[in-house]
>>> print(open('upload-v4.pdb').read())   # PDB, C-alpha atoms, pLDDT in the B column
ATOM      1  CA  MET A   1     138.422  90.370 104.403  1.00 44.00           C
ATOM      2  CA  PRO A   2     140.635  93.354 103.694  1.00 48.00           C
ATOM      3  CA  GLY A   3     139.978  96.804 105.069  1.00 72.00           C
ATOM      4  CA  LEU A   4     138.098  95.815 108.232  1.00 85.00           C
ATOM      5  CA  GLY A   5     140.733  97.097 110.646  1.00 89.00           C
ATOM      6  CA  ARG A   6     140.619  96.092 114.291  1.00 92.00           C
ATOM      7  CA  LEU A   7     137.712  93.697 114.788  1.00 95.00           C
ATOM      8  CA  TRP A   8     136.351  92.770 118.210  1.00 95.00           C
ATOM      9  CA  LEU A   9     133.870  89.919 118.656  1.00 95.00           C
ATOM     10  CA  ILE A  10     131.822  90.210 121.829  1.00 94.00           C
ATOM     11  CA  GLY A  11     130.529  86.736 122.617  1.00 93.00           C
ATOM     12  CA  ALA A  12     131.673  83.442 121.085  1.00 91.00           C
ATOM     13  CA  GLY A  13     128.715  81.163 121.754  1.00 91.00           C
ATOM     14  CA  ASN A  14     126.835  79.241 119.069  1.00 91.00           C
ATOM     15  CA  MET A  15     126.396  82.099 116.607  1.00 93.00           C
ATOM     16  CA  GLY A  16     129.476  84.091 117.554  1.00 94.00           C
ATOM     17  CA  GLY A  17     131.523  80.910 117.382  1.00 92.00           C
ATOM     18  CA  ALA A  18     130.161  80.148 113.909  1.00 92.00           C
ATOM     19  CA  LEU A  19     131.225  83.586 112.698  1.00 94.00           C
ATOM     20  CA  LEU A  20     134.617  83.198 114.352  1.00 93.00           C
ATOM     21  CA  ALA A  21     135.224  79.900 112.563  1.00 91.00           C
ATOM     22  CA  ARG A  22     134.531  81.436 109.160  1.00 93.00           C
ATOM     23  CA  TRP A  23     136.643  84.530 109.854  1.00 92.00           C
ATOM     24  CA  ARG A  24     139.603  82.407 110.899  1.00 92.00           C
ATOM     25  CA  LEU A  25     139.325  80.441 107.673  1.00 91.00           C
ATOM     26  CA  ALA A  26     139.466  83.783 105.872  1.00 88.00           C
ATOM     27  CA  GLY A  27     142.666  84.708 107.722  1.00 88.00           C
ATOM     28  CA  ILE A  28     141.067  87.094 110.207  1.00 88.00           C
ATOM     29  CA  GLU A  29     141.784  86.722 113.925  1.00 89.00           C
ATOM     30  CA  PRO A  30     139.497  89.115 115.806  1.00 92.00           C
ATOM     31  CA  VAL A  31     139.886  90.045 119.433  1.00 92.00           C
ATOM     32  CA  VAL A  32     137.424  87.766 121.227  1.00 93.00           C
ATOM     33  CA  VAL A  33     135.742  89.071 124.359  1.00 90.00           C
ATOM     34  CA  ASP A  34     133.857  86.320 126.185  1.00 88.00           C
ATOM     35  CA  PRO A  35     134.033  85.886 129.978  1.00 76.00           C
ATOM     36  CA  ALA A  36     132.950  82.252 129.619  1.00 77.00           C
ATOM     37  CA  LEU A  37     136.187  81.651 127.707  1.00 77.00           C
ATOM     38  CA  GLY A  38     138.264  83.742 130.072  1.00 77.00           C
ATOM     39  CA  ALA A  39     138.668  86.404 127.379  1.00 80.00           C
ATOM     40  CA  ALA A  40     138.285  89.880 128.824  1.00 84.00           C
ATOM     41  CA  ILE A  41     138.158  93.278 127.144  1.00 86.00           C
ATOM     42  CA  PRO A  42     141.707  94.368 126.237  1.00 85.00           C
ATOM     43  CA  ALA A  43     143.244  96.828 128.647  1.00 81.00           C
ATOM     44  CA  ASP A  44     143.971  99.314 125.859  1.00 82.00           C
ATOM     45  CA  GLY A  45     143.270  99.957 122.205  1.00 81.00           C
ATOM     46  CA  THR A  46     140.090 100.851 120.357  1.00 86.00           C
ATOM     47  CA  PRO A  47     138.245  98.707 117.796  1.00 92.00           C
ATOM     48  CA  ASP A  48     137.261  99.769 114.306  1.00 94.00           C
ATOM     49  CA  ILE A  49     134.398  97.269 114.349  1.00 95.00           C
ATOM     50  CA  ILE A  50     132.586  95.618 117.232  1.00 95.00           C
ATOM     51  CA  VAL A  51     130.277  92.661 116.583  1.00 96.00           C
ATOM     52  CA  LEU A  52     127.817  92.024 119.405  1.00 96.00           C
ATOM     53  CA  ALA A  53     127.017  88.299 119.574  1.00 95.00           C
ATOM     54  CA  ILE A  54     125.711  88.143 123.133  1.00 92.00           C
ATOM     55  CA  LYS A  55     122.345  87.223 124.609  1.00 91.00           C
ATOM     56  CA  PRO A  56     119.839  90.082 124.229  1.00 90.00           C
ATOM     57  CA  GLN A  57     118.731  89.724 127.831  1.00 88.00           C
ATOM     58  CA  VAL A  58     122.163  90.632 129.212  1.00 88.00           C
ATOM     59  CA  TRP A  59     123.596  92.865 126.533  1.00 91.00           C
ATOM     60  CA  ARG A  60     123.556  96.138 128.501  1.00 90.00           C
ATOM     61  CA  ALA A  61     125.449  94.674 131.431  1.00 89.00           C
ATOM     62  CA  ALA A  62     127.825  92.849 129.104  1.00 88.00           C
ATOM     63  CA  THR A  63     128.703  96.015 127.171  1.00 90.00           C
ATOM     64  CA  GLU A  64     128.968  98.463 130.055  1.00 90.00           C
ATOM     65  CA  ALA A  65     132.764  98.441 129.916  1.00 87.00           C
ATOM     66  CA  LEU A  66     132.684  99.051 126.168  1.00 88.00           C
ATOM     67  CA  VAL A  67     130.902 102.394 126.336  1.00 89.00           C
ATOM     68  CA  ALA A  68     134.109 104.385 126.656  1.00 86.00           C
ATOM     69  CA  ARG A  69     135.880 102.320 123.983  1.00 88.00           C
ATOM     70  CA  VAL A  70     133.503 103.205 121.154  1.00 90.00           C
ATOM     71  CA  GLY A  71     133.989 106.415 119.212  1.00 87.00           C
ATOM     72  CA  PRO A  72     132.301 108.134 116.250  1.00 89.00           C
ATOM     73  CA  ASP A  73     134.303 106.082 113.745  1.00 90.00           C
ATOM     74  CA  THR A  74     133.533 102.733 115.390  1.00 93.00           C
ATOM     75  CA  LEU A  75     131.080 100.514 113.547  1.00 96.00           C
ATOM     76  CA  VAL A  76     128.932  98.558 116.000  1.00 96.00           C
ATOM     77  CA  VAL A  77     127.226  95.565 114.394  1.00 97.00           C
ATOM     78  CA  SER A  78     124.621  93.759 116.466  1.00 96.00           C
ATOM     79  CA  ILE A  79     123.465  90.211 115.677  1.00 96.00           C
ATOM     80  CA  MET A  80     121.199  90.167 118.743  1.00 94.00           C
ATOM     81  CA  ALA A  81     117.556  89.295 118.144  1.00 90.00           C
ATOM     82  CA  GLY A  82     115.069  92.013 119.036  1.00 88.00           C
ATOM     83  CA  ILE A  83     117.588  94.737 119.935  1.00 92.00           C
ATOM     84  CA  GLY A  84     116.967  97.651 117.587  1.00 93.00           C
ATOM     85  CA  ILE A  85     119.047 100.561 116.357  1.00 94.00           C
ATOM     86  CA  ALA A  86     117.336 102.898 118.841  1.00 93.00           C
ATOM     87  CA  ALA A  87     118.578 100.845 121.801  1.00 93.00           C
ATOM     88  CA  LEU A  88     122.088 100.715 120.358  1.00 94.00           C
ATOM     89  CA  LYS A  89     122.051 104.456 119.765  1.00 94.00           C
ATOM     90  CA  ASP A  90     121.013 105.019 123.370  1.00 93.00           C
ATOM     91  CA  ARG A  91     124.145 103.160 124.439  1.00 93.00           C
ATOM     92  CA  TRP A  92     126.484 104.613 121.778  1.00 93.00           C
ATOM     93  CA  PRO A  93     125.012 107.920 120.534  1.00 93.00           C
ATOM     94  CA  SER A  94     127.935 108.803 118.270  1.00 91.00           C
ATOM     95  CA  ALA A  95     128.783 105.370 116.835  1.00 93.00           C
ATOM     96  CA  ARG A  96     128.006 104.005 113.389  1.00 94.00           C
ATOM     97  CA  LEU A  97     125.386 101.319 113.857  1.00 96.00           C
ATOM     98  CA  ALA A  98     124.253  98.234 111.958  1.00 97.00           C
ATOM     99  CA  ARG A  99     122.203  95.134 112.588  1.00 97.00           C
ATOM    100  CA  ALA A 100     122.588  91.677 111.098  1.00 97.00           C
ATOM    101  CA  MET A 101     120.861  88.342 111.598  1.00 96.00           C
ATOM    102  CA  PRO A 102     122.920  85.337 110.455  1.00 96.00           C
ATOM    103  CA  ASN A 103     122.034  81.715 111.158  1.00 95.00           C
ATOM    104  CA  THR A 104     124.083  78.756 112.329  1.00 92.00           C
ATOM    105  CA  PRO A 105     124.789  77.187 108.892  1.00 94.00           C
ATOM    106  CA  ALA A 106     127.151  80.164 108.589  1.00 94.00           C
ATOM    107  CA  SER A 107     129.720  77.915 110.265  1.00 91.00           C
ATOM    108  CA  LEU A 108     129.825  75.925 107.003  1.00 93.00           C
ATOM    109  CA  GLY A 109     129.626  78.966 104.748  1.00 94.00           C
ATOM    110  CA  ARG A 110     126.023  77.974 103.968  1.00 95.00           C
ATOM    111  CA  GLY A 111     124.188  80.513 106.095  1.00 95.00           C
ATOM    112  CA  VAL A 112     122.015  83.461 105.171  1.00 96.00           C
ATOM    113  CA  THR A 113     122.358  86.859 106.823  1.00 97.00           C
ATOM    114  CA  GLY A 114     119.929  89.766 106.773  1.00 97.00           C
ATOM    115  CA  MET A 115     121.594  93.176 107.199  1.00 97.00           C
ATOM    116  CA  PHE A 116     120.507  96.753 107.925  1.00 97.00           C
ATOM    117  CA  LEU A 117     122.534  99.967 108.246  1.00 95.00           C
ATOM    118  CA  ASP A 118     121.367 103.157 109.913  1.00 89.00           C
ATOM    119  CA  ASN A 119     123.166 105.345 107.353  1.00 89.00           C
ATOM    120  CA  ASP A 120     123.827 105.388 103.614  1.00 88.00           C
ATOM    121  CA  ASP A 121     127.615 105.415 103.859  1.00 91.00           C
ATOM    122  CA  ALA A 122     129.058 103.185 101.135  1.00 93.00           C
ATOM    123  CA  ALA A 123     132.177 102.362 103.169  1.00 92.00           C
ATOM    124  CA  ASP A 124     130.117 101.170 106.138  1.00 93.00           C
ATOM    125  CA  ARG A 125     127.937  99.122 103.822  1.00 95.00           C
ATOM    126  CA  GLY A 126     131.037  97.516 102.353  1.00 94.00           C
ATOM    127  CA  ARG A 127     132.417  96.672 105.789  1.00 94.00           C
ATOM    128  CA  VAL A 128     129.164  95.050 106.914  1.00 95.00           C
ATOM    129  CA  GLU A 129     128.964  93.087 103.669  1.00 94.00           C
ATOM    130  CA  ALA A 130     132.577  91.941 104.091  1.00 93.00           C
ATOM    131  CA  LEU A 131     131.901  90.714 107.627  1.00 93.00           C
ATOM    132  CA  PHE A 132     129.340  88.195 106.428  1.00 95.00           C
ATOM    133  CA  ALA A 133     130.490  87.440 102.886  1.00 92.00           C
ATOM    134  CA  SER A 134     132.337  84.295 103.980  1.00 91.00           C
ATOM    135  CA  THR A 135     129.345  82.918 105.872  1.00 94.00           C
ATOM    136  CA  GLY A 136     126.976  82.391 102.927  1.00 95.00           C
ATOM    137  CA  ALA A 137     124.246  84.413 101.260  1.00 96.00           C
ATOM    138  CA  THR A 138     123.547  87.996 102.349  1.00 96.00           C
ATOM    139  CA  VAL A 139     120.470  90.181 101.912  1.00 97.00           C
ATOM    140  CA  TRP A 140     119.935  93.858 102.726  1.00 97.00           C
ATOM    141  CA  LEU A 141     116.735  95.010 104.407  1.00 96.00           C
ATOM    142  CA  ASP A 142     115.189  98.344 103.470  1.00 92.00           C
ATOM    143  CA  ARG A 143     113.273  98.535 106.749  1.00 95.00           C
ATOM    144  CA  GLU A 144     114.585  97.665 110.177  1.00 95.00           C
ATOM    145  CA  SER A 145     111.099  96.469 111.138  1.00 93.00           C
ATOM    146  CA  ASP A 146     111.557  93.521 108.744  1.00 96.00           C
ATOM    147  CA  PHE A 147     114.063  91.995 111.168  1.00 95.00           C
ATOM    148  CA  ASP A 148     111.301  90.484 113.275  1.00 95.00           C
ATOM    149  CA  ALA A 149     110.019  88.479 110.295  1.00 96.00           C
ATOM    150  CA  LEU A 150     113.490  87.656 108.990  1.00 96.00           C
ATOM    151  CA  THR A 151     114.572  86.446 112.431  1.00 94.00           C
ATOM    152  CA  ALA A 152     111.480  84.251 112.630  1.00 96.00           C
ATOM    153  CA  VAL A 153     112.139  82.718 109.199  1.00 97.00           C
ATOM    154  CA  SER A 154     115.878  82.382 108.535  1.00 96.00           C
ATOM    155  CA  GLY A 155     117.319  83.154 111.954  1.00 94.00           C
ATOM    156  CA  SER A 156     115.189  80.544 113.722  1.00 95.00           C
ATOM    157  CA  GLY A 157     114.614  78.418 110.612  1.00 97.00           C
ATOM    158  CA  PRO A 158     117.434  75.898 111.170  1.00 96.00           C
ATOM    159  CA  GLY A 159     115.754  74.944 114.437  1.00 97.00           C
ATOM    160  CA  TYR A 160     112.533  74.191 112.561  1.00 98.00           C
ATOM    161  CA  VAL A 161     114.407  72.001 110.082  1.00 98.00           C
ATOM    162  CA  PHE A 162     116.143  70.066 112.855  1.00 98.00           C
ATOM    163  CA  ALA A 163     112.777  69.591 114.555  1.00 98.00           C
ATOM    164  CA  PHE A 164     111.367  68.258 111.259  1.00 98.00           C
ATOM    165  CA  ILE A 165     114.187  65.712 111.059  1.00 98.00           C
ATOM    166  CA  GLU A 166     113.377  64.585 114.603  1.00 98.00           C
ATOM    167  CA  ALA A 167     109.668  64.342 113.763  1.00 98.00           C
ATOM    168  CA  LEU A 168     110.332  62.386 110.563  1.00 98.00           C
ATOM    169  CA  ALA A 169     112.530  59.973 112.519  1.00 98.00           C
ATOM    170  CA  ALA A 170     109.769  59.539 115.108  1.00 98.00           C
ATOM    171  CA  ALA A 171     107.284  58.849 112.307  1.00 98.00           C
ATOM    172  CA  ALA A 172     109.661  56.287 110.828  1.00 98.00           C
ATOM    173  CA  GLU A 173     109.842  54.545 114.197  1.00 98.00           C
ATOM    174  CA  ALA A 174     106.048  54.585 114.457  1.00 98.00           C
ATOM    175  CA  ALA A 175     105.945  52.933 111.027  1.00 98.00           C
ATOM    176  CA  GLY A 176     107.990  50.063 112.420  1.00 98.00           C
ATOM    177  CA  LEU A 177     111.646  50.923 111.703  1.00 98.00           C
ATOM    178  CA  ALA A 178     114.400  50.532 114.290  1.00 98.00           C
ATOM    179  CA  PRO A 179     115.395  53.827 115.980  1.00 98.00           C
ATOM    180  CA  ASP A 180     118.920  53.967 114.537  1.00 98.00           C
ATOM    181  CA  LEU A 181     117.684  53.266 111.014  1.00 98.00           C
ATOM    182  CA  ALA A 182     114.832  55.751 111.400  1.00 98.00           C
ATOM    183  CA  ALA A 183     117.258  58.477 112.479  1.00 98.00           C
ATOM    184  CA  ARG A 184     119.660  57.776 109.593  1.00 98.00           C
ATOM    185  CA  LEU A 185     116.888  57.763 107.013  1.00 98.00           C
ATOM    186  CA  ALA A 186     115.338  60.991 108.306  1.00 98.00           C
ATOM    187  CA  ARG A 187     118.621  62.911 108.409  1.00 98.00           C
ATOM    188  CA  ALA A 188     119.829  61.692 105.001  1.00 98.00           C
ATOM    189  CA  THR A 189     116.459  62.338 103.371  1.00 98.00           C
ATOM    190  CA  VAL A 190     116.249  65.942 104.557  1.00 98.00           C
ATOM    191  CA  THR A 191     119.870  66.842 103.846  1.00 97.00           C
ATOM    192  CA  GLY A 192     119.740  65.147 100.447  1.00 98.00           C
ATOM    193  CA  ALA A 193     116.529  66.908  99.452  1.00 98.00           C
ATOM    194  CA  ALA A 194     117.964  70.245 100.614  1.00 97.00           C
ATOM    195  CA  ALA A 195     121.105  69.668  98.550  1.00 96.00           C
ATOM    196  CA  LEU A 196     118.966  68.901  95.493  1.00 97.00           C
ATOM    197  CA  ALA A 197     116.874  72.039  96.051  1.00 97.00           C
ATOM    198  CA  ASP A 198     120.104  74.051  96.208  1.00 95.00           C
ATOM    199  CA  ALA A 199     121.674  72.483  93.118  1.00 96.00           C
ATOM    200  CA  ASP A 200     118.608  72.239  90.871  1.00 97.00           C
ATOM    201  CA  GLU A 201     117.321  75.404  89.165  1.00 96.00           C
ATOM    202  CA  ARG A 202     113.715  74.259  89.357  1.00 97.00           C
ATOM    203  CA  THR A 203     111.441  75.755  92.005  1.00 97.00           C
ATOM    204  CA  PRO A 204     110.652  73.725  95.119  1.00 96.00           C
ATOM    205  CA  GLY A 205     107.145  73.345  93.762  1.00 97.00           C
ATOM    206  CA  ALA A 206     108.447  71.865  90.518  1.00 98.00           C
ATOM    207  CA  LEU A 207     110.767  69.528  92.427  1.00 97.00           C
ATOM    208  CA  ARG A 208     107.852  68.393  94.576  1.00 97.00           C
ATOM    209  CA  GLN A 209     105.730  67.712  91.508  1.00 97.00           C
ATOM    210  CA  ALA A 210     108.568  65.726  89.918  1.00 97.00           C
ATOM    211  CA  VAL A 211     108.541  63.184  92.757  1.00 96.00           C
ATOM    212  CA  THR A 212     104.749  63.082  93.154  1.00 97.00           C
ATOM    213  CA  SER A 213     103.140  60.507  90.883  1.00 95.00           C
ATOM    214  CA  PRO A 214      99.340  60.750  90.569  1.00 94.00           C
ATOM    215  CA  ASN A 215      97.654  58.510  93.136  1.00 94.00           C
ATOM    216  CA  GLY A 216     101.097  57.403  94.375  1.00 96.00           C
ATOM    217  CA  THR A 217     102.572  57.145  97.847  1.00 97.00           C
ATOM    218  CA  THR A 218     104.023  60.673  97.878  1.00 97.00           C
ATOM    219  CA  ALA A 219     100.677  62.122  96.777  1.00 97.00           C
ATOM    220  CA  ALA A 220      98.937  60.266  99.588  1.00 97.00           C
ATOM    221  CA  GLY A 221     101.396  61.601 102.153  1.00 97.00           C
ATOM    222  CA  LEU A 222     101.304  65.171 100.850  1.00 97.00           C
ATOM    223  CA  ALA A 223      97.510  65.209 100.932  1.00 96.00           C
ATOM    224  CA  VAL A 224      97.841  64.946 104.710  1.00 96.00           C
ATOM    225  CA  LEU A 225     101.021  66.975 105.193  1.00 96.00           C
ATOM    226  CA  THR A 226     100.606  70.057 103.005  1.00 95.00           C
ATOM    227  CA  PRO A 227      97.528  71.737 104.555  1.00 93.00           C
ATOM    228  CA  ALA A 228      98.719  71.036 108.097  1.00 95.00           C
ATOM    229  CA  LEU A 229     102.324  72.038 107.385  1.00 95.00           C
ATOM    230  CA  THR A 230     101.428  75.373 105.793  1.00 94.00           C
ATOM    231  CA  ARG A 231      99.162  76.312 108.682  1.00 96.00           C
ATOM    232  CA  LEU A 232     101.660  75.120 111.281  1.00 96.00           C
ATOM    233  CA  LEU A 233     104.601  76.988 109.775  1.00 97.00           C
ATOM    234  CA  CYS A 234     102.576  80.201 109.526  1.00 97.00           C
ATOM    235  CA  GLU A 235     101.764  79.868 113.224  1.00 98.00           C
ATOM    236  CA  THR A 236     105.384  78.979 114.023  1.00 98.00           C
ATOM    237  CA  VAL A 237     106.830  81.997 112.237  1.00 97.00           C
ATOM    238  CA  ALA A 238     104.172  84.291 113.728  1.00 98.00           C
ATOM    239  CA  ALA A 239     105.055  83.084 117.242  1.00 98.00           C
ATOM    240  CA  ALA A 240     108.770  83.683 116.681  1.00 96.00           C
ATOM    241  CA  GLN A 241     108.038  87.082 115.137  1.00 95.00           C
ATOM    242  CA  ARG A 242     105.938  88.088 118.166  1.00 95.00           C
ATOM    243  CA  ARG A 243     108.730  87.040 120.488  1.00 93.00           C
ATOM    244  CA  SER A 244     111.249  89.113 118.544  1.00 91.00           C
ATOM    245  CA  ARG A 245     108.972  92.154 118.920  1.00 90.00           C
ATOM    246  CA  GLU A 246     108.507  91.466 122.631  1.00 90.00           C
ATOM    247  CA  MET A 247     112.257  91.337 123.151  1.00 86.00           C
ATOM    248  CA  GLY A 248     112.576  94.721 121.469  1.00 81.00           C
ATOM    249  CA  ARG A 249     109.806  96.250 123.567  1.00 80.00           C
ATOM    250  CA  ALA A 250     111.425  94.924 126.740  1.00 68.00           C
ATOM    251  CA  GLU A 251     114.299  97.282 125.993  1.00 64.00           C
TER
END
>>> encode(input="upload-v4.pdb", output="structure tokens")
Amino acid sequence: MPGLGRLWLIGAGNMGGALLARWRLAGIEPVVVDPALGAAIPADGTPDIIVLAIKPQVWRAATEALVARVGPDTLVVSIMAGIGIAALKDRWPSARLARAMPNTPASLGRGVTGMFLDNDDAADRGRVEALFASTGATVWLDRESDFDALTAVSGSGPGYVFAFIEALAAAAEAAGLAPDLAARLARATVTGAAALADADERTPGALRQAVTSPNGTTAAGLAVLTPALTRLLCETVAAAQRRSREMGRAE
């Protein structure tokens, strides 16, 4: 990732750690600031880019010591859910500001990251793009307000998929399979189907139709699953979206 300059990562938990793993594979060793790891803010020096990967609830306290270290040429990139550009600008009025929302498959280079910049500077856009290029797919948002929906879909989405695997395993047990076998079947079925959806150019709908014989077992299962799943996922995403908005208003 050439041209990024001095990169500081604030927080190396689940998401920050996923980013760190990908950056190290790309030959980048950022300064990591994470009290839980015994890594404090350097005594001197100024960063060209700061990535905020800390919990939204504690971000002001966690960045208090960074206020004086950020100048007008510093690019501050937040991956915190619900914390908007206005809150960042209140903390760093002169900084260049961006938001991004990656997800945990970024650790494998299979993530997706939504990005938004508060200016139209091509160099800043290039730096933000370069930060997340090694983590998977990237998309730019035209409106910052879209982050609440994006966070609810792709940011939180891996959690929904993992919950589906757990539920499918529980259903397999209820159907009479041993727990270990149920868990293996559920995990392999979901990951295999996801790999096929990624590799095959057909739409998910076309792939579903290809494995659904008329009056067959899949058709019988989908007749129960599809209406309930669509409604449930709409409610799930709406709940996560509301929470993202609430976190922003709490600021």
>>> residues_around(input="upload-v4.pdb", residues="segment 54-69 of chain A", least_positions_apart="6", cutoff="8 Å", atoms="only C-alpha atoms", output="short mmCIF file (atom, residue, chain, number, x, y, z; two decimals) with C-alpha atoms, in the frame of the given file")
data_model
loop_
_atom_site.label_atom_id
_atom_site.label_comp_id
_atom_site.auth_asym_id
_atom_site.auth_seq_id
_atom_site.Cartn_x
_atom_site.Cartn_y
_atom_site.Cartn_z
CA ILE A 10 131.82 90.21 121.83
CA GLY A 11 130.53 86.74 122.62
CA ALA A 12 131.67 83.44 121.08
CA GLY A 13 128.72 81.16 121.75
CA GLY A 16 129.48 84.09 117.55
CA ILE A 41 138.16 93.28 127.14
CA GLY A 45 143.27 99.96 122.20
CA THR A 46 140.09 100.85 120.36
CA PRO A 47 138.24 98.71 117.80
CA MET A 80 121.20 90.17 118.74
CA ALA A 81 117.56 89.30 118.14
CA GLY A 82 115.07 92.01 119.04
CA ILE A 83 117.59 94.74 119.94
CA ARG A 91 124.14 103.16 124.44
CA TRP A 92 126.48 104.61 121.78
CA MET A 247 112.26 91.34 123.15
#
>>> residues_around(input="upload-v4.pdb", residues="segment 99-108 of chain A", least_positions_apart="6", cutoff="6 Å", atoms="only C-alpha atoms", output="list in words")
Met15, Ala18, Val77, Ser78, Ile79, Gly114, Met115, Phe116, Thr135 and Gly155 of chain A
>>> resolve_selection(input="upload-v4.pdb", expression="the PyMOL selection byres ((chain A and resi 165-171) around 10)", output="list in words")
Gly159, Tyr160, Val161, Phe162, Ala163, Phe164, Ala172, Glu173, Ala174, Ala175, Gly176, Leu177, Ala178, Pro179, Asp180, Leu181, Ala182, Ala183, Arg184, Leu185, Ala186, Arg187, Ala188, Thr189, Val190 and Thr191 of chain A
>>> closest_residue(input="upload-v4.pdb", among="A:Arg110, A:Arg242, A:Arg231, A:Arg202", to="Asp148 of chain A", atoms="only C-alpha atoms")
A:Arg242
>>> axis_aligned_box(input="upload-v4.pdb", around="segment 165-177 of chain A", padding_each_side="6 Å", output="AutoDock Vina command-line options")
--center_x 110.1 --center_y 57.9 --center_z 112.8 --size_x 20.2 --size_y 27.6 --size_z 16.5
>>> decode(input="upload-v4.pdb", residues="segment 64-81 of chain A", atoms="N, CA and C atoms", output="PDB file, in the first residue's frame")
ATOM      1  N   GLU A  64      -8.742  11.158  23.605  1.00  0.00           N
ATOM      2  CA  GLU A  64      -8.439  12.460  24.217  1.00  0.00           C
ATOM      3  C   GLU A  64      -6.978  12.850  23.996  1.00  0.00           C
ATOM      4  N   ALA A  65      -6.078  11.904  24.166  1.00  0.00           N
ATOM      5  CA  ALA A  65      -4.653  12.206  24.029  1.00  0.00           C
ATOM      6  C   ALA A  65      -4.227  12.390  22.580  1.00  0.00           C
ATOM      7  N   LEU A  66      -5.123  12.080  21.649  1.00  0.00           N
ATOM      8  CA  LEU A  66      -4.785  12.235  20.233  1.00  0.00           C
ATOM      9  C   LEU A  66      -5.150  13.599  19.671  1.00  0.00           C
ATOM     10  N   VAL A  67      -5.896  14.376  20.429  1.00  0.00           N
ATOM     11  CA  VAL A  67      -6.386  15.657  19.906  1.00  0.00           C
ATOM     12  C   VAL A  67      -5.240  16.533  19.426  1.00  0.00           C
ATOM     13  N   ALA A  68      -4.194  16.630  20.223  1.00  0.00           N
ATOM     14  CA  ALA A  68      -3.073  17.494  19.867  1.00  0.00           C
ATOM     15  C   ALA A  68      -2.161  16.885  18.805  1.00  0.00           C
ATOM     16  N   ARG A  69      -2.358  15.627  18.478  1.00  0.00           N
ATOM     17  CA  ARG A  69      -1.473  14.948  17.523  1.00  0.00           C
ATOM     18  C   ARG A  69      -2.024  14.952  16.098  1.00  0.00           C
ATOM     19  N   VAL A  70      -3.199  15.505  15.929  1.00  0.00           N
ATOM     20  CA  VAL A  70      -3.863  15.515  14.625  1.00  0.00           C
ATOM     21  C   VAL A  70      -3.847  16.926  14.057  1.00  0.00           C
ATOM     22  N   GLY A  71      -3.317  17.061  12.852  1.00  0.00           N
ATOM     23  CA  GLY A  71      -3.254  18.356  12.201  1.00  0.00           C
ATOM     24  C   GLY A  71      -4.121  18.419  10.953  1.00  0.00           C
ATOM     25  N   PRO A  72      -4.058  19.511  10.216  1.00  0.00           N
ATOM     26  CA  PRO A  72      -4.915  19.688   9.032  1.00  0.00           C
ATOM     27  C   PRO A  72      -4.605  18.714   7.907  1.00  0.00           C
ATOM     28  N   ASP A  73      -3.423  18.128   7.901  1.00  0.00           N
ATOM     29  CA  ASP A  73      -3.081  17.167   6.848  1.00  0.00           C
ATOM     30  C   ASP A  73      -3.295  15.716   7.277  1.00  0.00           C
ATOM     31  N   THR A  74      -3.739  15.515   8.519  1.00  0.00           N
ATOM     32  CA  THR A  74      -3.987  14.160   9.003  1.00  0.00           C
ATOM     33  C   THR A  74      -5.336  13.665   8.494  1.00  0.00           C
ATOM     34  N   LEU A  75      -5.350  12.462   7.983  1.00  0.00           N
ATOM     35  CA  LEU A  75      -6.594  11.822   7.562  1.00  0.00           C
ATOM     36  C   LEU A  75      -7.053  10.895   8.682  1.00  0.00           C
ATOM     37  N   VAL A  76      -8.208  11.202   9.247  1.00  0.00           N
ATOM     38  CA  VAL A  76      -8.785  10.389  10.319  1.00  0.00           C
ATOM     39  C   VAL A  76      -9.883   9.531   9.701  1.00  0.00           C
ATOM     40  N   VAL A  77      -9.715   8.223   9.796  1.00  0.00           N
ATOM     41  CA  VAL A  77     -10.681   7.283   9.221  1.00  0.00           C
ATOM     42  C   VAL A  77     -11.321   6.510  10.368  1.00  0.00           C
ATOM     43  N   SER A  78     -12.619   6.652  10.519  1.00  0.00           N
ATOM     44  CA  SER A  78     -13.331   5.964  11.584  1.00  0.00           C
ATOM     45  C   SER A  78     -14.044   4.739  11.023  1.00  0.00           C
ATOM     46  N   ILE A  79     -13.893   3.582  11.716  1.00  0.00           N
ATOM     47  CA  ILE A  79     -14.688   2.406  11.371  1.00  0.00           C
ATOM     48  C   ILE A  79     -15.670   2.108  12.498  1.00  0.00           C
ATOM     49  N   MET A  80     -15.975   3.126  13.310  1.00  0.00           N
ATOM     50  CA  MET A  80     -16.883   2.961  14.439  1.00  0.00           C
ATOM     51  C   MET A  80     -18.329   3.095  13.977  1.00  0.00           C
ATOM     52  N   ALA A  81     -19.163   2.164  14.396  1.00  0.00           N
ATOM     53  CA  ALA A  81     -20.579   2.209  14.034  1.00  0.00           C
ATOM     54  C   ALA A  81     -21.262   3.384  14.722  1.00  0.00           C
TER      55      ALA A  81
END
